[in-house]
>>> print(open('protein_6.pdb').read())   # PDB, C-alpha atoms, pLDDT in the B column
ATOM      1  CA  MET A   1      86.593  40.486 118.166  1.00 49.00           C
ATOM      2  CA  SER A   2      82.965  40.183 117.189  1.00 51.00           C
ATOM      3  CA  LEU A   3      80.139  40.147 119.686  1.00 58.00           C
ATOM      4  CA  ILE A   4      78.056  37.928 117.438  1.00 57.00           C
ATOM      5  CA  GLN A   5      79.588  34.538 116.890  1.00 57.00           C
ATOM      6  CA  ARG A   6      79.595  33.471 113.270  1.00 55.00           C
ATOM      7  CA  PRO A   7      79.513  29.754 112.350  1.00 57.00           C
ATOM      8  CA  LEU A   8      82.606  28.325 110.697  1.00 57.00           C
ATOM      9  CA  PHE A   9      80.545  26.852 107.861  1.00 55.00           C
ATOM     10  CA  ASP A  10      77.518  28.618 106.457  1.00 55.00           C
ATOM     11  CA  ALA A  11      75.013  25.983 105.318  1.00 51.00           C
ATOM     12  CA  ASP A  12      73.389  28.506 102.970  1.00 54.00           C
ATOM     13  CA  LEU A  13      76.537  28.833 100.873  1.00 60.00           C
ATOM     14  CA  THR A  14      76.988  26.397  98.013  1.00 68.00           C
ATOM     15  CA  PHE A  15      79.847  25.716  95.674  1.00 68.00           C
ATOM     16  CA  THR A  16      77.569  25.398  92.635  1.00 74.00           C
ATOM     17  CA  PRO A  17      78.612  28.763  91.109  1.00 77.00           C
ATOM     18  CA  LEU A  18      82.290  27.855  91.498  1.00 74.00           C
ATOM     19  CA  PHE A  19      81.800  24.434  89.876  1.00 71.00           C
ATOM     20  CA  ARG A  20      79.788  26.000  87.034  1.00 73.00           C
ATOM     21  CA  PHE A  21      82.573  28.550  86.493  1.00 75.00           C
ATOM     22  CA  LEU A  22      85.224  25.811  86.413  1.00 74.00           C
ATOM     23  CA  ASP A  23      83.155  23.748  83.949  1.00 70.00           C
ATOM     24  CA  ASP A  24      82.681  26.782  81.684  1.00 70.00           C
ATOM     25  CA  PHE A  25      86.391  27.594  81.893  1.00 70.00           C
ATOM     26  CA  ASN A  26      87.288  24.027  80.950  1.00 65.00           C
ATOM     27  CA  ASN A  27      84.780  23.940  78.069  1.00 61.00           C
ATOM     28  CA  TYR A  28      85.785  27.228  76.468  1.00 62.00           C
ATOM     29  CA  THR A  29      89.563  27.182  76.785  1.00 59.00           C
ATOM     30  CA  GLY A  30      91.921  25.258  74.611  1.00 54.00           C
ATOM     31  CA  ASN A  31      89.449  24.953  71.754  1.00 51.00           C
ATOM     32  CA  THR A  32      91.988  23.367  69.386  1.00 49.00           C
ATOM     33  CA  GLY A  33      89.591  21.198  67.416  1.00 50.00           C
ATOM     34  CA  GLU A  34      90.209  18.173  69.618  1.00 53.00           C
ATOM     35  CA  VAL A  35      87.344  15.892  70.553  1.00 54.00           C
ATOM     36  CA  ARG A  36      85.935  17.352  73.731  1.00 65.00           C
ATOM     37  CA  GLY A  37      84.676  15.152  76.474  1.00 75.00           C
ATOM     38  CA  PHE A  38      82.095  15.601  79.144  1.00 82.00           C
ATOM     39  CA  THR A  39      81.215  14.041  82.461  1.00 88.00           C
ATOM     40  CA  PRO A  40      77.615  12.885  82.753  1.00 90.00           C
ATOM     41  CA  LYS A  41      75.924  13.486  86.101  1.00 93.00           C
ATOM     42  CA  PHE A  42      74.797  10.427  88.077  1.00 95.00           C
ATOM     43  CA  ASP A  43      72.707   9.765  91.164  1.00 96.00           C
ATOM     44  CA  VAL A  44      73.828   6.697  93.148  1.00 96.00           C
ATOM     45  CA  GLU A  45      71.594   5.107  95.774  1.00 96.00           C
ATOM     46  CA  GLU A  46      72.294   2.223  98.118  1.00 95.00           C
ATOM     47  CA  HIS A  47      69.469  -0.141  99.019  1.00 94.00           C
ATOM     48  CA  LYS A  48      69.445  -3.158 101.303  1.00 91.00           C
ATOM     49  CA  HIS A  49      70.291  -5.653  98.535  1.00 92.00           C
ATOM     50  CA  SER A  50      71.429  -3.465  95.619  1.00 94.00           C
ATOM     51  CA  TYR A  51      72.708  -0.152  94.292  1.00 96.00           C
ATOM     52  CA  SER A  52      70.836   2.066  91.812  1.00 97.00           C
ATOM     53  CA  LEU A  53      72.562   4.432  89.407  1.00 97.00           C
ATOM     54  CA  HIS A  54      70.702   6.976  87.271  1.00 97.00           C
ATOM     55  CA  GLY A  55      72.744   9.069  84.838  1.00 96.00           C
ATOM     56  CA  GLU A  56      71.901  11.873  82.428  1.00 94.00           C
ATOM     57  CA  LEU A  57      72.946  11.087  78.854  1.00 92.00           C
ATOM     58  CA  PRO A  58      70.751  13.359  76.720  1.00 87.00           C
ATOM     59  CA  GLY A  59      71.082  12.771  72.997  1.00 84.00           C
ATOM     60  CA  VAL A  60      73.204   9.636  73.471  1.00 89.00           C
ATOM     61  CA  GLU A  61      72.040   6.466  71.728  1.00 90.00           C
ATOM     62  CA  LYS A  62      72.194   3.281  73.799  1.00 90.00           C
ATOM     63  CA  LYS A  63      74.368   1.697  71.071  1.00 92.00           C
ATOM     64  CA  ASP A  64      77.014   4.348  71.863  1.00 92.00           C
ATOM     65  CA  VAL A  65      77.224   3.439  75.577  1.00 95.00           C
ATOM     66  CA  GLU A  66      79.343   0.606  76.949  1.00 95.00           C
ATOM     67  CA  ILE A  67      79.185  -0.738  80.488  1.00 96.00           C
ATOM     68  CA  ASP A  68      81.681  -3.195  81.933  1.00 94.00           C
ATOM     69  CA  PHE A  69      83.437  -4.115  85.154  1.00 94.00           C
ATOM     70  CA  THR A  70      87.119  -3.414  85.703  1.00 91.00           C
ATOM     71  CA  ASP A  71      87.198  -5.475  88.919  1.00 90.00           C
ATOM     72  CA  PRO A  72      84.620  -7.258  91.139  1.00 87.00           C
ATOM     73  CA  GLN A  73      83.375  -3.981  92.619  1.00 89.00           C
ATOM     74  CA  THR A  74      84.061  -1.262  90.016  1.00 93.00           C
ATOM     75  CA  ILE A  75      81.683  -0.520  87.147  1.00 95.00           C
ATOM     76  CA  HIS A  76      82.889   1.523  84.156  1.00 96.00           C
ATOM     77  CA  ILE A  77      80.437   3.453  81.946  1.00 96.00           C
ATOM     78  CA  HIS A  78      81.846   5.028  78.803  1.00 94.00           C
ATOM     79  CA  GLY A  79      80.798   6.096  75.337  1.00 93.00           C
ATOM     80  CA  ARG A  80      80.641   8.825  72.743  1.00 90.00           C
ATOM     81  CA  THR A  81      78.136  11.265  71.298  1.00 84.00           C
ATOM     82  CA  GLU A  82      78.252  13.291  68.086  1.00 77.00           C
ATOM     83  CA  THR A  83      76.009  15.773  66.317  1.00 66.00           C
ATOM     84  CA  SER A  84      73.441  14.205  64.030  1.00 59.00           C
ATOM     85  CA  TYR A  85      73.518  17.180  61.684  1.00 57.00           C
ATOM     86  CA  THR A  86      76.211  19.397  60.202  1.00 60.00           C
ATOM     87  CA  SER A  87      76.693  22.719  61.929  1.00 57.00           C
ATOM     88  CA  PRO A  88      79.459  25.288  61.632  1.00 59.00           C
ATOM     89  CA  LYS A  89      81.790  26.008  64.544  1.00 62.00           C
ATOM     90  CA  GLU A  90      81.497  29.166  66.627  1.00 58.00           C
ATOM     91  CA  GLY A  91      82.256  32.243  64.561  1.00 60.00           C
ATOM     92  CA  GLU A  92      81.751  30.514  61.198  1.00 63.00           C
ATOM     93  CA  GLU A  93      79.034  31.578  58.789  1.00 61.00           C
ATOM     94  CA  SER A  94      76.155  29.304  57.777  1.00 61.00           C
ATOM     95  CA  GLU A  95      73.139  29.717  55.496  1.00 67.00           C
ATOM     96  CA  GLY A  96      71.022  30.941  58.395  1.00 63.00           C
ATOM     97  CA  GLY A  97      73.673  33.238  59.873  1.00 67.00           C
ATOM     98  CA  LYS A  98      76.594  33.239  62.251  1.00 67.00           C
ATOM     99  CA  ILE A  99      76.748  30.757  65.136  1.00 67.00           C
ATOM    100  CA  TRP A 100      76.984  32.752  68.358  1.00 71.00           C
ATOM    101  CA  ARG A 101      77.420  29.913  70.804  1.00 71.00           C
ATOM    102  CA  SER A 102      77.675  26.120  70.744  1.00 68.00           C
ATOM    103  CA  GLU A 103      77.018  24.570  74.164  1.00 70.00           C
ATOM    104  CA  ARG A 104      75.923  21.014  73.397  1.00 70.00           C
ATOM    105  CA  LYS A 105      77.900  18.328  75.150  1.00 69.00           C
ATOM    106  CA  LEU A 106      79.704  16.346  72.492  1.00 75.00           C
ATOM    107  CA  GLY A 107      82.579  13.922  72.535  1.00 83.00           C
ATOM    108  CA  GLU A 108      83.597  11.052  74.750  1.00 90.00           C
ATOM    109  CA  PHE A 109      82.585  10.394  78.330  1.00 91.00           C
ATOM    110  CA  ASN A 110      83.811   8.082  81.079  1.00 92.00           C
ATOM    111  CA  ARG A 111      82.495   7.372  84.550  1.00 93.00           C
ATOM    112  CA  SER A 112      83.595   4.712  87.030  1.00 94.00           C
ATOM    113  CA  PHE A 113      81.944   3.817  90.304  1.00 95.00           C
ATOM    114  CA  SER A 114      83.591   1.665  92.963  1.00 94.00           C
ATOM    115  CA  PHE A 115      81.249  -0.071  95.359  1.00 93.00           C
ATOM    116  CA  PRO A 116      82.358  -0.821  98.943  1.00 91.00           C
ATOM    117  CA  GLN A 117      81.951  -4.573  98.381  1.00 87.00           C
ATOM    118  CA  PRO A 118      81.916  -6.947  95.382  1.00 87.00           C
ATOM    119  CA  VAL A 119      78.664  -6.941  93.404  1.00 91.00           C
ATOM    120  CA  ASN A 120      76.767  -9.617  91.465  1.00 92.00           C
ATOM    121  CA  GLN A 121      77.835  -8.808  87.904  1.00 91.00           C
ATOM    122  CA  GLU A 122      75.491 -11.427  86.413  1.00 90.00           C
ATOM    123  CA  GLY A 123      72.452  -9.731  87.986  1.00 92.00           C
ATOM    124  CA  VAL A 124      73.109  -6.190  86.713  1.00 95.00           C
ATOM    125  CA  LYS A 125      70.245  -4.671  84.709  1.00 96.00           C
ATOM    126  CA  ALA A 126      70.582  -1.589  82.523  1.00 96.00           C
ATOM    127  CA  SER A 127      67.992   0.436  80.631  1.00 96.00           C
ATOM    128  CA  MET A 128      67.832   3.820  78.946  1.00 95.00           C
ATOM    129  CA  LYS A 129      64.732   5.957  78.543  1.00 95.00           C
ATOM    130  CA  ASN A 130      64.452   9.649  77.632  1.00 93.00           C
ATOM    131  CA  GLY A 131      68.195  10.203  78.022  1.00 91.00           C
ATOM    132  CA  ILE A 132      68.391   8.638  81.494  1.00 96.00           C
ATOM    133  CA  LEU A 133      70.596   5.564  81.905  1.00 97.00           C
ATOM    134  CA  SER A 134      69.361   3.427  84.821  1.00 97.00           C
ATOM    135  CA  LEU A 135      71.373   0.606  86.357  1.00 97.00           C
ATOM    136  CA  SER A 136      70.415  -1.828  89.088  1.00 97.00           C
ATOM    137  CA  VAL A 137      73.488  -3.491  90.624  1.00 96.00           C
ATOM    138  CA  PRO A 138      72.769  -6.281  93.136  1.00 95.00           C
ATOM    139  CA  LYS A 139      75.118  -6.721  96.093  1.00 92.00           C
ATOM    140  CA  MET A 140      77.046  -9.959  96.555  1.00 81.00           C
ATOM    141  CA  LYS A 141      79.360 -11.488  99.136  1.00 63.00           C
ATOM    142  CA  GLY A 142      81.824 -13.080  96.656  1.00 50.00           C
ATOM    143  CA  GLY A 143      83.463 -11.852  93.423  1.00 45.00           C
ATOM    144  CA  ASP A 144      82.709 -12.639  89.778  1.00 45.00           C
ATOM    145  CA  GLN A 145      84.498 -12.434  86.441  1.00 51.00           C
ATOM    146  CA  VAL A 146      84.582  -9.228  84.374  1.00 55.00           C
ATOM    147  CA  LYS A 147      81.318  -8.957  82.417  1.00 67.00           C
ATOM    148  CA  LYS A 148      79.969  -6.592  79.761  1.00 72.00           C
ATOM    149  CA  ILE A 149      76.441  -5.263  80.333  1.00 79.00           C
ATOM    150  CA  THR A 150      73.860  -4.926  77.524  1.00 82.00           C
ATOM    151  CA  ILE A 151      71.438  -1.995  77.678  1.00 86.00           C
ATOM    152  CA  SER A 152      67.801  -2.920  77.010  1.00 79.00           C
TER     153      SER A 152
END
>>> encode(input="protein_6.pdb", output="structure tokens")
Amino acid sequence: MSLIQRPLFDADLTFTPLFRFLDDFNNYTGNTGEVRGFTPKFDVEEHKHSYSLHGELPGVEKKDVEIDFTDPQTIHIHGRTETSYTSPKEGEESEGGKIWRSERKLGEFNRSFSFPQPVNQEGVKASMKNGILSLSVPKMKGGDQVKKITIS
């Protein structure tokens, strides 16, 4: 028995190193030449009359991103990114030398967000600037039809 009581959860501990390890493990195992995917990171905020989503999509062209609704309160963001130049795979020789590491996020991505209530699909606004996809999703009391969103 300890004389000093220790808290059950230490607020100073984070799981970031564990998540980074799991991401690295997933990225560097099973390299069979298949198209790899990645999961873009998003911030989601709730406001009085809307939701805001801001996602990191560096190097992704807006023409390669599709946004649609799968039901009155679930938005689906998906797309694909590829290299814009030819580069050898890890371990292969090139004119400039041997590639030591290739860490760029390439392949397909999918994210879905379900809101706690139906949203106004007609009022959704999307924009992309400097690799950040921003969405404004107004709240609504009733449901709408499935709609595809155009990025400006």
>>> closest_residue(input="protein_6.pdb", among="A:Gly107, A:Pro118, A:Asp43, A:Ser52", to="A:Pro72", atoms="only C-alpha atoms")
A:Pro118
>>> atom_distance(input="protein_6.pdb", atom1="atom CA of A:Asp24", atom2="atom CA of A:Glu66")
26.8 Å
>>> residues_around(input="protein_6.pdb", residues="A:Lys139", least_positions_apart="4", cutoff="8 Å", atoms="all atoms listed in the file", output="PyMOL selection string")
chain A and resi 49-51+117-120
>>> resolve_selection(input="protein_6.pdb", expression="the PyMOL selection byres ((chain A and resi 57) around 7)", output="PDB file with C-alpha atoms, in the frame of the given file")
ATOM      1  CA  PRO A  40      77.615  12.885  82.753  1.00 90.00           C
ATOM      2  CA  GLY A  55      72.744   9.069  84.838  1.00 96.00           C
ATOM      3  CA  GLU A  56      71.901  11.873  82.428  1.00 94.00           C
ATOM      4  CA  PRO A  58      70.751  13.359  76.720  1.00 87.00           C
ATOM      5  CA  GLY A  59      71.082  12.771  72.997  1.00 84.00           C
ATOM      6  CA  VAL A  60      73.204   9.636  73.471  1.00 89.00           C
ATOM      7  CA  GLY A 131      68.195  10.203  78.022  1.00 91.00           C
ATOM      8  CA  ILE A 132      68.391   8.638  81.494  1.00 96.00           C
ATOM      9  CA  LEU A 133      70.596   5.564  81.905  1.00 97.00           C
TER      10      LEU A 133
END
>>> resolve_selection(input="protein_6.pdb", expression="the PyMOL selection byres ((chain A and resi 123) around 9)", output="list in words")
Val119, Asn120, Gln121, Glu122, Val124, Lys125, Ser136, Val137 and Pro138 of chain A
>>> resolve_selection(input="protein_6.pdb", expression="the PyMOL selection byres ((chain A and resi 65) around 7)", output="PyMOL selection string")
chain A and resi 62-64+66-67+78-80
>>> atom_distance(input="protein_6.pdb", atom1="atom CA of A:Leu18", atom2="atom CA of A:Ser114")
26.3 Å
>>> atom_distance(input="protein_6.pdb", atom1="atom CA of A:Phe21", atom2="atom CA of A:Glu103")
14.1 Å
>>> closest_residue(input="protein_6.pdb", among="A:His54, A:Lys148, A:Arg111, A:Arg104", to="A:Leu135", atoms="only C-alpha atoms")
A:His54
>>> closest_residue(input="protein_6.pdb", among="A:Asp23, A:Phe69, A:Trp100, A:Phe115", to="A:Phe38", atoms="all atoms listed in the file")
A:Asp23
>>> build_atoms(input="protein_6.pdb", residues="stretch 116-127 of chain A", atoms="all heavy atoms", output="tab-separated table (two decimals), in the frame of the given file")
chain	number	residue	atom	x	y	z
A	116	PRO	N	81.57	-0.44	97.76
A	116	PRO	CA	82.36	-0.82	98.94
A	116	PRO	C	82.56	-2.33	99.09
A	116	PRO	O	83.37	-2.76	99.89
A	116	PRO	CB	81.56	-0.27	100.11
A	116	PRO	CG	80.21	0.04	99.60
A	116	PRO	CD	80.32	0.22	98.12
A	117	GLN	N	81.82	-3.12	98.32
A	117	GLN	CA	81.95	-4.57	98.38
A	117	GLN	C	81.73	-5.12	96.99
A	117	GLN	O	81.17	-4.44	96.12
A	117	GLN	CB	80.92	-5.16	99.34
A	117	GLN	CG	79.49	-4.94	98.89
A	117	GLN	CD	78.48	-5.31	99.95
A	117	GLN	OE1	78.71	-5.06	101.12
A	117	GLN	NE2	77.37	-5.89	99.54
A	118	PRO	N	82.16	-6.36	96.70
A	118	PRO	CA	81.92	-6.95	95.38
A	118	PRO	C	80.42	-7.02	95.10
A	118	PRO	O	79.61	-7.16	96.01
A	118	PRO	CB	82.52	-8.35	95.49
A	118	PRO	CG	83.55	-8.23	96.56
A	118	PRO	CD	83.00	-7.23	97.54
A	119	VAL	N	80.07	-6.91	93.81
A	119	VAL	CA	78.66	-6.94	93.40
A	119	VAL	C	78.42	-8.12	92.48
A	119	VAL	O	79.36	-8.69	91.90
A	119	VAL	CB	78.25	-5.62	92.71
A	119	VAL	CG1	78.29	-4.47	93.68
A	119	VAL	CG2	79.11	-5.34	91.50
A	120	ASN	N	77.16	-8.51	92.33
A	120	ASN	CA	76.77	-9.62	91.46
A	120	ASN	C	76.70	-9.10	90.03
A	120	ASN	O	75.69	-8.55	89.60
A	120	ASN	CB	75.41	-10.16	91.92
A	120	ASN	CG	74.93	-11.31	91.06
A	120	ASN	OD1	75.56	-11.67	90.07
A	120	ASN	ND2	73.81	-11.88	91.45
A	121	GLN	N	77.75	-9.32	89.27
A	121	GLN	CA	77.83	-8.81	87.90
A	121	GLN	C	76.82	-9.47	86.99
A	121	GLN	O	76.34	-8.84	86.04
A	121	GLN	CB	79.24	-9.00	87.35
A	121	GLN	CG	80.28	-8.20	88.10
A	121	GLN	CD	81.68	-8.41	87.57
A	121	GLN	OE1	81.87	-8.96	86.49
A	121	GLN	NE2	82.67	-7.98	88.33
A	122	GLU	N	76.46	-10.71	87.25
A	122	GLU	CA	75.49	-11.43	86.41
A	122	GLU	C	74.08	-10.85	86.58
A	122	GLU	O	73.27	-10.95	85.67
A	122	GLU	CB	75.47	-12.92	86.77
A	122	GLU	CG	76.78	-13.63	86.50
A	122	GLU	CD	77.11	-13.67	85.01
A	122	GLU	OE1	76.19	-13.78	84.19
A	122	GLU	OE2	78.30	-13.58	84.68
A	123	GLY	N	73.79	-10.23	87.71
A	123	GLY	CA	72.45	-9.73	87.99
A	123	GLY	C	72.24	-8.27	87.64
A	123	GLY	O	71.17	-7.72	87.88
A	124	VAL	N	73.23	-7.61	87.04
A	124	VAL	CA	73.11	-6.19	86.71
A	124	VAL	C	72.11	-5.99	85.58
A	124	VAL	O	72.13	-6.72	84.59
A	124	VAL	CB	74.48	-5.60	86.32
A	124	VAL	CG1	74.33	-4.17	85.85
A	124	VAL	CG2	75.44	-5.67	87.49
A	125	LYS	N	71.22	-5.01	85.74
A	125	LYS	CA	70.24	-4.67	84.71
A	125	LYS	C	70.43	-3.21	84.33
A	125	LYS	O	70.60	-2.36	85.19
A	125	LYS	CB	68.83	-4.92	85.22
A	125	LYS	CG	68.56	-6.37	85.47
A	125	LYS	CD	67.16	-6.62	85.89
A	125	LYS	CE	67.01	-8.12	86.10
A	125	LYS	NZ	65.95	-8.45	87.00
A	126	ALA	N	70.41	-2.95	83.02
A	126	ALA	CA	70.58	-1.59	82.52
A	126	ALA	C	69.47	-1.27	81.54
A	126	ALA	O	69.06	-2.11	80.75
A	126	ALA	CB	71.94	-1.45	81.84
A	127	SER	N	68.99	-0.02	81.60
A	127	SER	CA	67.99	0.44	80.63
A	127	SER	C	68.22	1.93	80.39
A	127	SER	O	68.82	2.62	81.22
A	127	SER	CB	66.58	0.18	81.15
A	127	SER	OG	66.33	0.93	82.31
